[in-house]
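Worksheet: the structure to be examined is printed underneath.
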Amino acid sequence: MAQWKAHHRRICKAYNRYNISSEYQALSVNEKVDAVLLSQVLIQLYPNDQFDLTPSTDGDPLAATFSDLLESSAQVDPPPLCRTSKSAAVPRDTIRKIFSRFGNNNFILHSHLNTYAHGVYPMASRFFNHSCTPNCVAKYIIAPQQVVKMELVALHNIAAGDELTIPYLDPALPYETRQDALQSNYGFQCACQLCIFQGRIQPIPPLPSTLPETSHLWDRLRAFVDSMGDSQDNPLVFAISEELYPFLNDTCLPDLSEQFTRSSHEGEFDIAILTGKRLLALYRMIYPRNFPQIGMHALELAKTAWNAVVTMEHKADLSVVQSFADEARASVLIASRVLNNFGIEGDEGGPLEEIRILQGLLSEERALP
Ligand SMILES: C[S@@+](CC[C@H](N)C(=O)[O-])C[C@H]1O[C@@H](n2cnc3c(N)ncnc32)[C@H](O)[C@@H]1O
C-alpha cells in the first residue's frame, strides 16, 4: 500500500499511454526495462513532486541505497521516460545523472557463467574497482526463496594491502573494445597492467601467411604455456616473447572459439581437440591464474575428448581411443583445479558436478582391458 501511494499510483495514470507510444515501442527489450525502472525511480526519489529539491530518501531504504550509489561521468543518454505532467519538469541533466547510476552499479548475475539477470549490490559497488588483470571474481549463490547472494573469490594469494579488483567485462575482449566499453559505460580509461601492455604493443603484427608457419607458432605458444604451468599468478601474456604477439590479434580468439565449437558439435574430433587445446593456451595466456573461463573451457575440451572416446570406441584403434581419453584426463584436471577454486556457485548442478561424473567415467575407462 505504501508503495502504491508513494509512487505507483502517481505513474500508472500515464503508463498506458506511454506503453503504446511509438518512442517506447521503438526501444529494445533491455531499454524498455531500463525506461520503466528509471520512470519509477524518478517518482520514488521525489515523492512530493518537488523536482527542484535534493531527492528525498526519508524512510525509504531503497531510495536511500540508490542515492548512495556512485554516478558515472559517462555521457549515456537516458531512454524516453513515462512522465507525469509534473515529472516532465525534471531537468534532463538530473535524469542523466540518475540514469548513470544504473550502468555504473550494474552487476551481471550468472549461474555457471551463463548470464541470467542484472542486479545491484550497493556495498560491492562501492568497494571494487575494475581491472583487466583482476585478482578476484564475483560469483552468485542461488537458492530457492532467497535473495541471490554475491560472493567474491580470490583467484590466487593476495598480498596484504593490495587492492581487490574484479573484471567489469571479459579481459579476453580486444584491447580497443575494452577501452571503449569502459569509457562509454563507466567514464574511465582503464590503465591496468594488461591495457598498458597491449596499448604499448599496438599495432599487433599479423599471424604468418602460411599454415606451417602458423602451426609452428601455435606449437611454440603451447609449449611456453605448458612450461609455465601454474607458476605465475599474473597472465602469462606479460612473459611471452615478441614472436607470439600475433596471437593477441583481435580475431584470433573469436575465430578459434568458433572453430572449436563447430568442430566439436559436428564430431570432427581431431580438429576439435587441436583447436580446443590452442584455445586453452590462449586463455591461459590472457587470463590470470584460476580465472573461471579457463576452467569452463578446459571442461568443454574434456567433454569433447570424452565424446570422441565414446564415438570411436568400436571404430578406431585402441591407441587412438586411449589418446582421446588421455586428452580428456589432462583437461579435466585443469578444469577441476580452476573450478574448485571458484567453488560452488549458481543454482544446483553445474560444472563441478559434471567434473565429478566425467572423472568417474574416465577412471572406469582406465579399468577396461
Ligand atoms: C562500481 S564503482 C567502483 C567503486 C568506486 N571507485 C567508489 O569509490 O565507489 C565504479 C566506478 O569506479 C571508478 N573505477 C572503477 N574501476 C576503475 C579503474 N580501473 N580506473 C579508474 N576508475 C575506476 C569509475 O569511476 C567507475 O565509474
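Ordering of the C-alpha cells sets the chain letters (A, B, ...); residue numbers start at 1 within each chain; ligands are numbered from 1 in the order shown.
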| query | Once you count only C-alpha atoms and all ligand atoms, which residues end up within 10 Å of ligand 1, and could you hand them over as a ChimeraX atom specification? | reply | /A:68-74,100-101,103-107,120-132,134,165-168,182-192
Within 9 Å of region 249-267 of chain A, which residues of region 134-202 of chain A come that close, and what is the closest atom pair and distance in Å for each? Count only C-alpha atoms and give it as a tab-separated table.
```
residue	atom	partner	partner_atom	distance
A:Ala172	CA	A:Leu253	CA	8.2
A:Leu173	CA	A:Asp250	CA	7.9
A:Pro174	CA	A:Asp250	CA	5.3
A:Tyr175	CA	A:Asp250	CA	8.0
```
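Distances to Ala138 (chain A) were evaluated for A:Ala26, A:Leu109, A:Ala325, A:Ala117 using only C-alpha atoms, and the minimum falls at A:Leu109.
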From region 85-292 of chain A, collect each residue whose DSSP state is helix (DSSP H, G or I) and return the set as a short mmCIF file (atom, residue, chain, number, x, y, z; two decimals) with N, CA and C atoms, in the first residue's frame.
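Dumped to out-v4.cif:
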```
data_model
loop_
_atom_site.label_atom_id
_atom_site.label_comp_id
_atom_site.auth_asym_id
_atom_site.auth_seq_id
_atom_site.Cartn_x
_atom_site.Cartn_y
_atom_site.Cartn_z
N SER A 87 6.43 15.39 -13.38
CA SER A 87 7.81 14.94 -13.51
C SER A 87 8.41 15.36 -14.85
N ALA A 88 7.54 15.81 -15.78
CA ALA A 88 8.06 16.31 -17.05
C ALA A 88 8.99 17.50 -16.82
N ALA A 89 8.90 18.10 -15.62
CA ALA A 89 9.71 19.28 -15.34
C ALA A 89 11.12 18.94 -14.85
N ARG A 92 16.84 17.62 -17.61
CA ARG A 92 17.43 16.48 -18.31
C ARG A 92 18.75 16.04 -17.67
N ASP A 93 19.48 17.03 -17.15
CA ASP A 93 20.78 16.69 -16.56
C ASP A 93 20.60 15.83 -15.30
N THR A 94 19.54 16.15 -14.54
CA THR A 94 19.25 15.37 -13.33
C THR A 94 18.93 13.93 -13.73
N ILE A 95 18.11 13.81 -14.78
CA ILE A 95 17.73 12.45 -15.23
C ILE A 95 18.97 11.70 -15.70
N ARG A 96 19.82 12.40 -16.43
CA ARG A 96 21.03 11.75 -16.94
C ARG A 96 21.90 11.23 -15.78
N LYS A 97 22.01 12.08 -14.73
CA LYS A 97 22.84 11.67 -13.58
C LYS A 97 22.24 10.46 -12.87
N ILE A 98 20.91 10.49 -12.73
CA ILE A 98 20.25 9.36 -12.05
C ILE A 98 20.44 8.10 -12.88
N PHE A 99 20.26 8.25 -14.21
CA PHE A 99 20.39 7.08 -15.09
C PHE A 99 21.82 6.52 -15.08
N SER A 100 22.79 7.42 -14.92
CA SER A 100 24.19 6.95 -14.96
C SER A 100 24.49 6.00 -13.80
N ARG A 101 23.67 6.06 -12.75
CA ARG A 101 23.87 5.12 -11.63
C ARG A 101 23.47 3.70 -12.05
N PHE A 102 22.57 3.60 -13.02
CA PHE A 102 22.15 2.26 -13.47
C PHE A 102 23.36 1.50 -13.98
N GLY A 103 24.02 2.06 -14.99
CA GLY A 103 25.12 1.34 -15.65
C GLY A 103 26.33 1.21 -14.74
N ASN A 104 26.56 2.23 -13.93
CA ASN A 104 27.79 2.26 -13.13
C ASN A 104 27.76 1.23 -12.00
N PRO A 122 24.92 -2.75 -3.43
CA PRO A 122 25.46 -1.43 -3.11
C PRO A 122 26.84 -1.45 -2.45
N MET A 123 27.07 -2.41 -1.54
CA MET A 123 28.38 -2.41 -0.87
C MET A 123 29.49 -2.78 -1.84
N ALA A 124 29.25 -3.84 -2.61
CA ALA A 124 30.25 -4.27 -3.60
C ALA A 124 30.50 -3.16 -4.61
N SER A 125 29.44 -2.43 -4.93
CA SER A 125 29.56 -1.33 -5.88
C SER A 125 30.55 -0.28 -5.42
N ARG A 126 30.53 -0.03 -4.12
CA ARG A 126 31.44 0.99 -3.59
C ARG A 126 32.83 0.44 -3.34
N PHE A 127 32.95 -0.87 -3.18
CA PHE A 127 34.25 -1.44 -2.78
C PHE A 127 35.19 -1.74 -3.94
N TYR A 175 41.58 -5.27 -26.96
CA TYR A 175 42.02 -4.10 -26.19
C TYR A 175 41.13 -2.87 -26.44
N GLU A 176 40.92 -2.53 -27.74
CA GLU A 176 40.13 -1.32 -28.08
C GLU A 176 38.69 -1.48 -27.59
N THR A 177 38.14 -2.66 -27.74
CA THR A 177 36.75 -2.90 -27.32
C THR A 177 36.62 -2.66 -25.82
N ARG A 178 37.61 -3.15 -25.06
CA ARG A 178 37.56 -2.97 -23.60
C ARG A 178 37.65 -1.48 -23.25
N GLN A 179 38.62 -0.82 -23.88
CA GLN A 179 38.80 0.60 -23.58
C GLN A 179 37.52 1.39 -23.88
N ASP A 180 36.93 1.13 -25.07
CA ASP A 180 35.73 1.87 -25.47
C ASP A 180 34.58 1.59 -24.51
N ALA A 181 34.41 0.31 -24.15
CA ALA A 181 33.27 -0.06 -23.30
C ALA A 181 33.42 0.57 -21.91
N LEU A 182 34.63 0.54 -21.36
CA LEU A 182 34.82 1.09 -20.01
C LEU A 182 34.64 2.61 -20.03
N GLN A 183 35.10 3.24 -21.12
CA GLN A 183 34.94 4.70 -21.24
C GLN A 183 33.47 5.05 -21.39
N SER A 184 32.77 4.35 -22.29
CA SER A 184 31.39 4.79 -22.55
C SER A 184 30.42 4.34 -21.45
N ASN A 185 30.68 3.21 -20.80
CA ASN A 185 29.74 2.76 -19.76
C ASN A 185 30.06 3.31 -18.38
N TYR A 186 31.36 3.51 -18.10
CA TYR A 186 31.73 3.92 -16.73
C TYR A 186 32.46 5.26 -16.70
N GLN A 193 47.47 -3.11 -15.89
CA GLN A 193 48.71 -3.65 -16.44
C GLN A 193 48.50 -4.22 -17.86
N LEU A 194 47.35 -4.90 -18.06
CA LEU A 194 47.10 -5.52 -19.36
C LEU A 194 46.86 -4.44 -20.43
N CYS A 195 46.09 -3.41 -20.08
CA CYS A 195 45.82 -2.34 -21.05
C CYS A 195 47.10 -1.60 -21.39
N ILE A 196 47.93 -1.34 -20.40
CA ILE A 196 49.19 -0.64 -20.68
C ILE A 196 50.04 -1.48 -21.62
N PHE A 197 50.12 -2.78 -21.32
CA PHE A 197 50.93 -3.69 -22.14
C PHE A 197 50.38 -3.74 -23.58
N GLN A 198 49.07 -3.97 -23.70
CA GLN A 198 48.50 -4.10 -25.05
C GLN A 198 48.54 -2.78 -25.81
N GLY A 199 48.38 -1.66 -25.07
CA GLY A 199 48.48 -0.35 -25.72
C GLY A 199 49.88 -0.13 -26.27
N ARG A 200 50.87 -0.61 -25.54
CA ARG A 200 52.28 -0.40 -25.92
C ARG A 200 52.65 -1.21 -27.16
N LEU A 211 50.30 -21.86 -43.52
CA LEU A 211 49.79 -22.76 -42.48
C LEU A 211 50.93 -23.39 -41.65
N PRO A 212 52.01 -23.89 -42.29
CA PRO A 212 53.09 -24.49 -41.49
C PRO A 212 53.70 -23.51 -40.50
N GLU A 213 53.88 -22.25 -40.97
CA GLU A 213 54.48 -21.24 -40.06
C GLU A 213 53.53 -20.96 -38.88
N THR A 214 52.22 -20.86 -39.19
CA THR A 214 51.25 -20.59 -38.12
C THR A 214 51.22 -21.76 -37.14
N SER A 215 51.20 -22.98 -37.69
CA SER A 215 51.18 -24.17 -36.82
C SER A 215 52.41 -24.20 -35.91
N HIS A 216 53.54 -23.84 -36.50
CA HIS A 216 54.79 -23.82 -35.71
C HIS A 216 54.66 -22.83 -34.54
N LEU A 217 54.07 -21.68 -34.84
CA LEU A 217 53.91 -20.65 -33.80
C LEU A 217 52.96 -21.14 -32.69
N TRP A 218 51.89 -21.83 -33.12
CA TRP A 218 50.97 -22.40 -32.13
C TRP A 218 51.72 -23.38 -31.21
N ASP A 219 52.56 -24.19 -31.83
CA ASP A 219 53.33 -25.16 -31.02
C ASP A 219 54.19 -24.42 -30.01
N ARG A 220 54.78 -23.29 -30.46
CA ARG A 220 55.64 -22.51 -29.55
C ARG A 220 54.82 -21.96 -28.39
N LEU A 221 53.61 -21.45 -28.72
CA LEU A 221 52.77 -20.89 -27.65
C LEU A 221 52.38 -21.98 -26.65
N ARG A 222 51.95 -23.13 -27.18
CA ARG A 222 51.50 -24.20 -26.28
C ARG A 222 52.65 -24.71 -25.43
N ALA A 223 53.83 -24.82 -26.03
CA ALA A 223 54.99 -25.30 -25.27
C ALA A 223 55.32 -24.29 -24.15
N PHE A 224 55.20 -22.99 -24.50
CA PHE A 224 55.51 -21.97 -23.49
C PHE A 224 54.51 -22.04 -22.32
N VAL A 225 53.24 -22.10 -22.67
CA VAL A 225 52.20 -22.12 -21.63
C VAL A 225 52.36 -23.37 -20.76
N ASP A 226 52.61 -24.52 -21.41
CA ASP A 226 52.78 -25.77 -20.63
C ASP A 226 54.02 -25.68 -19.73
N SER A 227 55.08 -25.04 -20.24
CA SER A 227 56.31 -24.96 -19.44
C SER A 227 56.11 -24.07 -18.21
N MET A 228 55.22 -23.08 -18.33
CA MET A 228 54.98 -22.18 -17.19
C MET A 228 54.04 -22.82 -16.18
N LEU A 236 50.03 -14.97 -18.37
CA LEU A 236 51.33 -15.30 -18.97
C LEU A 236 51.69 -14.35 -20.09
N VAL A 237 50.71 -13.57 -20.54
CA VAL A 237 50.96 -12.66 -21.66
C VAL A 237 52.14 -11.71 -21.38
N PHE A 238 52.34 -11.39 -20.10
CA PHE A 238 53.43 -10.46 -19.78
C PHE A 238 54.80 -11.10 -19.96
N ALA A 239 54.81 -12.43 -20.09
CA ALA A 239 56.11 -13.12 -20.17
C ALA A 239 56.37 -13.71 -21.56
N GLU A 242 58.18 -11.80 -28.21
CA GLU A 242 57.53 -10.97 -29.23
C GLU A 242 56.95 -11.78 -30.39
N GLU A 243 57.60 -12.91 -30.71
CA GLU A 243 57.11 -13.70 -31.85
C GLU A 243 55.67 -14.20 -31.61
N LEU A 244 55.24 -14.21 -30.32
CA LEU A 244 53.89 -14.71 -30.02
C LEU A 244 52.84 -13.58 -29.97
N TYR A 245 53.26 -12.34 -30.15
CA TYR A 245 52.30 -11.22 -30.11
C TYR A 245 51.15 -11.37 -31.11
N PRO A 246 51.38 -11.98 -32.31
CA PRO A 246 50.25 -12.09 -33.25
C PRO A 246 49.02 -12.79 -32.66
N PHE A 247 49.23 -13.59 -31.61
CA PHE A 247 48.07 -14.26 -31.01
C PHE A 247 47.18 -13.29 -30.25
N LEU A 248 47.64 -12.06 -30.08
CA LEU A 248 46.80 -11.05 -29.43
C LEU A 248 45.93 -10.31 -30.44
N CYS A 252 41.82 -13.51 -33.53
CA CYS A 252 42.40 -14.82 -33.24
C CYS A 252 41.51 -15.65 -32.30
N LEU A 253 41.18 -15.08 -31.16
CA LEU A 253 40.41 -15.83 -30.16
C LEU A 253 38.98 -16.14 -30.64
N PRO A 254 38.22 -15.11 -31.17
CA PRO A 254 36.86 -15.47 -31.62
C PRO A 254 36.85 -16.48 -32.76
N ASP A 255 37.81 -16.39 -33.69
CA ASP A 255 37.85 -17.36 -34.80
C ASP A 255 38.08 -18.77 -34.28
N LEU A 256 39.03 -18.87 -33.36
CA LEU A 256 39.38 -20.18 -32.83
C LEU A 256 38.21 -20.77 -32.02
N SER A 257 37.56 -19.90 -31.27
CA SER A 257 36.44 -20.34 -30.45
C SER A 257 35.32 -20.88 -31.36
N GLU A 258 35.09 -20.17 -32.46
CA GLU A 258 34.05 -20.61 -33.41
C GLU A 258 34.43 -21.96 -34.02
N GLN A 259 35.69 -22.12 -34.39
CA GLN A 259 36.16 -23.39 -34.99
C GLN A 259 36.02 -24.55 -34.00
N PHE A 260 36.36 -24.27 -32.74
CA PHE A 260 36.28 -25.32 -31.73
C PHE A 260 34.83 -25.76 -31.54
N THR A 261 33.93 -24.76 -31.37
CA THR A 261 32.52 -25.09 -31.12
C THR A 261 31.94 -25.88 -32.30
N ARG A 262 32.23 -25.41 -33.52
CA ARG A 262 31.66 -26.07 -34.71
C ARG A 262 32.19 -27.50 -34.83
N SER A 263 33.52 -27.65 -34.76
CA SER A 263 34.08 -28.99 -34.99
C SER A 263 33.66 -29.94 -33.86
N SER A 264 33.54 -29.41 -32.66
CA SER A 264 33.11 -30.24 -31.54
C SER A 264 31.68 -30.74 -31.76
N HIS A 265 30.78 -29.81 -32.19
CA HIS A 265 29.38 -30.21 -32.43
C HIS A 265 29.26 -31.16 -33.60
N PHE A 269 36.53 -34.72 -34.39
CA PHE A 269 37.24 -34.72 -33.12
C PHE A 269 38.70 -34.28 -33.21
N ASP A 270 39.39 -34.66 -34.29
CA ASP A 270 40.81 -34.26 -34.38
C ASP A 270 40.93 -32.73 -34.41
N ILE A 271 40.07 -32.11 -35.24
CA ILE A 271 40.11 -30.64 -35.34
C ILE A 271 39.67 -30.02 -34.01
N ALA A 272 38.63 -30.60 -33.42
CA ALA A 272 38.11 -30.04 -32.16
C ALA A 272 39.17 -30.07 -31.06
N ILE A 273 39.90 -31.18 -30.97
CA ILE A 273 40.90 -31.27 -29.90
C ILE A 273 42.06 -30.30 -30.19
N LEU A 274 42.45 -30.23 -31.46
CA LEU A 274 43.56 -29.32 -31.80
C LEU A 274 43.18 -27.87 -31.50
N THR A 275 42.01 -27.44 -32.02
CA THR A 275 41.61 -26.03 -31.81
C THR A 275 41.30 -25.78 -30.33
N GLY A 276 40.72 -26.79 -29.66
CA GLY A 276 40.41 -26.64 -28.24
C GLY A 276 41.66 -26.44 -27.40
N LYS A 277 42.73 -27.16 -27.74
CA LYS A 277 43.97 -27.02 -26.97
C LYS A 277 44.65 -25.67 -27.26
N ARG A 278 44.54 -25.23 -28.51
CA ARG A 278 45.08 -23.90 -28.83
C ARG A 278 44.32 -22.82 -28.07
N LEU A 279 42.99 -22.99 -28.03
CA LEU A 279 42.17 -22.01 -27.32
C LEU A 279 42.50 -21.99 -25.83
N LEU A 280 42.73 -23.17 -25.28
CA LEU A 280 43.09 -23.25 -23.86
C LEU A 280 44.42 -22.51 -23.61
N ALA A 281 45.36 -22.66 -24.54
CA ALA A 281 46.65 -21.95 -24.40
C ALA A 281 46.42 -20.44 -24.46
N LEU A 282 45.53 -20.00 -25.35
CA LEU A 282 45.24 -18.55 -25.45
C LEU A 282 44.62 -18.03 -24.16
N TYR A 283 43.65 -18.79 -23.63
CA TYR A 283 43.00 -18.36 -22.38
C TYR A 283 44.03 -18.29 -21.25
N ARG A 284 44.90 -19.29 -21.19
CA ARG A 284 45.89 -19.30 -20.10
C ARG A 284 46.91 -18.17 -20.28
N MET A 285 47.03 -17.70 -21.52
CA MET A 285 47.95 -16.58 -21.78
C MET A 285 47.32 -15.25 -21.33
N ILE A 286 46.01 -15.10 -21.57
CA ILE A 286 45.41 -13.77 -21.38
C ILE A 286 44.77 -13.58 -20.00
N PRO A 292 37.88 -18.27 -13.99
CA PRO A 292 36.92 -19.36 -14.24
C PRO A 292 36.75 -19.75 -15.71
#
```
| query | For Lys303 (chain A), which residue among A:Ile334, A:Leu169, A:Ala316, A:Leu358 is the nearest when counting only C-alpha atoms? | reply |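 Of all the options, A:Leu358 lies closest to Lys303 (chain A).
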| Counting only C-alpha atoms, the option among A:Leu352, A:Ile204, A:Val76, A:Cys82 closest to Tyr24 (chain A) |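 Comparing A:Leu352, A:Ile204, A:Val76, A:Cys82 against Tyr24 (chain A), the winner is A:Cys82.
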